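Step one of this worksheet: look at the structure below.
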Amino acid sequence: MGTITLEKVTKSFGDVQVIPPLDLEINDGEFVVFVGPSGCGKSTLLRLIAGLEDVTSGEIRIDGRNATEVPPARRGLAMVFQSYALYPHMSVRKNIAFPLRMAKMDKAEQDRRVENAARVLNLSNYLDRRPGQLSGGQRQRVAIGRAIVREPAAFLFDEPLSNLDAALRVGMRMEISELHSQLETTMIYVTHDQVEAMTMADKIVVLQAGNIEQVGSPLELYHRPRNTFVAGFIGSPKMNLMSGAEADKYDATTVGVRPEHIDVTPDGPWQGRVGVAEHLGSDTFIHVHETGLAETLTVRQTGDISVRHGDMIRLTPRQDEMHRFGADGLRLE
Amino acid sequence: MATAHSRAAARIMIAPATVLLLGWMLIPLCMTLYYSFQRYRLLTPDNRGWVGFRNYERFLTNPAFQDALINTLLLVLGVLVITVVLGVLLAILLDQPMFGQGIVRILVIAPFFVMPTVSALVWKNMFMNPVNGLFAYAFEAVGLQPYDFLSQAPLASIIGIVAWQWLPFATLILLTAIQSLNSEQMEAAEMDGAGPIQRFIYITLPHLGRAITVVILIQTIFLLSIFAEILVTTNGGPGTASTNLTYLVYAESLLSFDVGEGSAGGVVAIILANIVAIFLMRMIGKNLDA
């Protein structure tokens with residue numbers, strides 16, 4: 001079991017309220033990702049759930065029980081930290097067994113669980129090494145192993161992949177997703193990387209300045225962003241947002257169209273001068289200036305398209321993929 | 001420093017300091033060795049001559065030698081235990097956020113700035129004096145007989161004085177070590193179900209291992225040669241109750257005017273210090289490896 005409910009939770013540091021009243025429902029077995037720009041309060045929110053910070057007001061319920069005042073160790077949650085927070089003077093085996101040892105579990109059961117976790121995480125050959133002798137990815141796995149053995153109600157991940165290099169990050173991303181489908185345990189994952197959010201989550205919570213901007217599945221957020229912040233934050237490269245005359249045509253304050261929904265055509269309604277064109281092989285991102293719509297329009301074309309710096313091109317947006325936003329920034333249907 | 005030219009330049013630049021240091025160390029050492037094999041009494045300075053190992057024999061068979069040896073070890077060990085244990089506790093206390101933290105830290109470090117002779121005199125006259133001392137006053141206030149620390153428990157008193165001087169050093173080093181402890185590690189341990197005492201045993205203490213080693217090694221070097229505190233408080237007495245090796249060497253060479261035997265004592269002290277150093281490195285030196 002692992003349902004977590006936050007009800008009117010707030011957090012202030014001194015006079016500064018970093019989390020205004022916030023409600024959130026996390027269902028059993030869900031993979032929930034908190035995503036937002038740095039300083040948006042996503043880590044604070046995770047630490048509130050973990051119990052490492054006290055809530056200023058409101059209530060946190062875990063499996064229906066009020067856990068607001070329960071100390072972190074007794075909430076039945078396990079956390080994986082950004083720095084991994086392994087104990088450097090203990091072997092991998094002792095690191096993973098530490099929570100069990102603290103729970104005074106008998107030795108045989110400890111060994112069984114550690115061996116089990118090590119097998120799942122491909123750590124069996126490293127059990128007698130110290131964390132200092134492991135690579136970044138292996139340390140990450142040890143940290144996850146230490147979380148798994150407790151068989152917690154939910155896992156909390158605080159930007160666990162941000163210290164890994166790009167290739168390893170993609171690999172660990174898959175491993176964590178794989179682990180989630182194996183264990184079917186609730187996982188809460190904090191990241192500022194929206195690719196991680198999009199690829200791993202069942203449910204994404206987009207946060208800005210402590211406020212929840214939108215909660216939904218990755219594709220829901222992609223196709224129907226609730227406001228201009230979510231529209232600009234989800235998707236890579238970012239959605240092109242335009243206001244002024246172009247928006248008036250659609251009866252909105254702001255209109256947005258994603259780079260992948262603009263085509264380069266000989267007779268399109270928009271025109272502009274090509275700035276930088278990023279050729280990635282599979283895709284080409286063209287940054288178009290002097291369109292009179294926005295400072296830069298980003299256009300994504302599949303395959304290699306031969307445009308040069310300074311060329312004038314014409315563009316056609318796909319009408320059915322335009323997003324309209326009102327004066328308050330909220331989506332217009 | 002890769003090219004042959006820069007390496008040669010480096011050697012030339014270092015040479016003066018190396019020569020000076022060598023002279024500084026070697027000349028006194030050689031002279032001590034030389035005198036230790038000579039008959040050289042200041043009362044009969046003309047009666048010089050080689051005596052072989054006679055000085056060593058006399059120093060080692062001196063009934064005061066065994067006492068001095070035991071006292072030296074007790075003094076080092078006692079001060080180490082007090083400063084490390086209290087140092088760890090104080091460091092943890094000082095690491096807590098509190099009002100006036102800066103001032104409190106300076107106050108804690110202050111004893112280290114007081115010269116050994118001065119602090120020993122302050123302790124002797126203001127605290128431990130059986131008539132005018134603060135302790136005597138405190139004893140009388142609760143109706144007890146004043147205790148004459150320096151004559152009843154001379155070695156313990158000196159251990160107390162020296163520990164008071166060295167506690168700031170230990171605290172300072174251990175405090176910086178505690179501050180370098182990753183807070184996420186503590187939080188991880190907290191989530192893993194470790195209480196405050198378990199966190200101290202399993203996380204803080206192992207983390208402090210290297211700093212404690214440094215404290216023990218450095219303090220041992222200085223504690224083996226404690227002298228001023230003994231000279232101004234007990235003069236090594238009563239009898240030999242608070243005489244350590246350094247003081248015995250002083251007593252032989254300058255109170256008994258026997259430079260030869262004093263030098264022999266000095267050489268013995270050097271050898272003993274090295275034995276202690278080897279033991280220490282064997283026991284705790286591995287903590288210094290990264």
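Naming scheme: A, B, ... for chains in displayed order of the structure tokens; residues 1 onward per chain; ligands 1 onward as shown.
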Neighbours of chain A in chain B at 10 Å, counting only C-alpha atoms, as an mmCIF file with C-alpha atoms, in the first residue's frame:
```
data_model
loop_
_atom_site.group_PDB
_atom_site.id
_atom_site.type_symbol
_atom_site.label_atom_id
_atom_site.label_comp_id
_atom_site.auth_asym_id
_atom_site.auth_seq_id
_atom_site.Cartn_x
_atom_site.Cartn_y
_atom_site.Cartn_z
ATOM 1 C CA ASN B 182 27.408 15.600 4.525
ATOM 2 C CA SER B 183 23.996 16.486 5.983
ATOM 3 C CA GLU B 184 22.282 14.173 3.503
ATOM 4 C CA GLN B 185 24.143 11.283 5.124
ATOM 5 C CA MET B 186 22.627 12.189 8.469
ATOM 6 C CA GLU B 187 19.194 12.507 6.911
ATOM 7 C CA ALA B 188 19.596 9.177 5.151
ATOM 8 C CA ALA B 189 20.480 7.568 8.470
ATOM 9 C CA GLU B 190 17.498 9.258 10.086
ATOM 10 C CA MET B 191 15.202 7.825 7.418
ATOM 11 C CA ASP B 192 16.860 4.442 7.832
ATOM 12 C CA GLY B 193 15.647 4.452 11.405
ATOM 13 C CA ALA B 194 18.819 5.373 13.288
ATOM 14 C CA GLY B 195 18.207 7.358 16.486
ATOM 15 C CA GLN B 198 23.035 5.383 16.661
ATOM 16 C CA TYR B 202 27.544 4.790 13.009
ATOM 17 C CA ILE B 203 27.902 8.054 11.111
ATOM 18 C CA PRO B 206 33.551 7.007 11.753
ATOM 19 C CA HIS B 207 33.506 10.313 9.921
ATOM 20 C CA GLY B 209 38.129 8.929 12.588
ATOM 21 C CA ALA B 290 42.090 8.245 1.990
#
```
- prompt: Near region 211-215 of chain B, counting only C-alpha atoms, which residues have an atom at most 9 Å away, once you skip same-chain residues fewer than 5 positions from it, shown as a VMD selection string?
  reply: chain B and resid 80 83 to 84 88 169 to 170 173 to 174 176 to 177 220 284 to 285 287 to 288
message: I'd like the neighbourhood of Thr243 (chain B) as an MDAnalysis selection string, where a residue qualifies if any of its atoms comes within 12 Å (using only C-alpha atoms), though same-chain residues fewer than 5 positions away should be ignored.
response: chainID B and resid 63:75 154:155 158 225:231 233:238 248:252
- request: Give me the residues within 8 Å of region 33-40 of chain B as a ChimeraX atom specification, counting only C-alpha atoms and dropping any in the same chain fewer than 3 places off.
  value: /B:29-30,44-45,47-56,258-264,267
Residues near region 317-319 of chain A, cut-off 7 Å, only C-alpha atoms, skip fewer than 2 positions along chain, as a list in words: His261, Ile262, Asp263, Leu315, Glu321 and Met322 of chain A
- request: Identify which of the residues A:Leu183, A:Leu134, A:Val257, A:Ala231 lies closest to Ala154 (chain A), counting only C-alpha atoms when measuring atom-to-atom distances.
  value: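 Checking each candidate against Ala154 (chain A), we get A:Leu183 as the closest.
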message: Give me the residues near region 279-289 of chain A as a ChimeraX atom specification, where near means some atom within 10 Å (using only C-alpha atoms) and where sequence neighbours in that chain fewer than 4 positions away do not count.
response: /A:237,259-260,264,271-275,293-315
field: Test item: residues at most 10 Å from Leu179 (chain A), only C-alpha atoms, excluding those fewer than 6 positions along its chain, as a list in words
entry: Val120, Leu121, Ile144, Ile148, Arg173 and Thr185 of chain A
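Rounded to one decimal, CA of Leu24 (chain A) and CA of Ser12 (chain A) lie 18.1 Å from each other.
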- request: Mind listing the strand (DSSP E or B) residues of region 20-49 of chain A, per DSSP on the backbone, as number ranges by chain?
  value: A: 20-26, 31-35
task: Using DSSP on the backbone coordinates, identify all residues within region 219-279 of chain A classified as alpha helix (DSSP H); present the result as a list in words.
output: Leu219, Glu220, Leu221, Tyr222, His223, Thr228, Phe229, Val230, Ala231, Gly232, Phe233, Ala245, Glu246, Ala247, Asp248 and Lys249 of chain A
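Closest approach to Leu164 (chain A) among A:Val149, A:Gln208, A:Leu46, A:Gln138 is made by A:Gln138 (distances from only C-alpha atoms).
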- prompt: From the set B:Leu175, B:Ser253, B:Asn244, B:Val76, which residue has the shortest atom-to-atom contact distance to Leu93 (chain B), counting only C-alpha atoms?
  reply: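 So, comparing all the options, the nearest one is B:Leu175.
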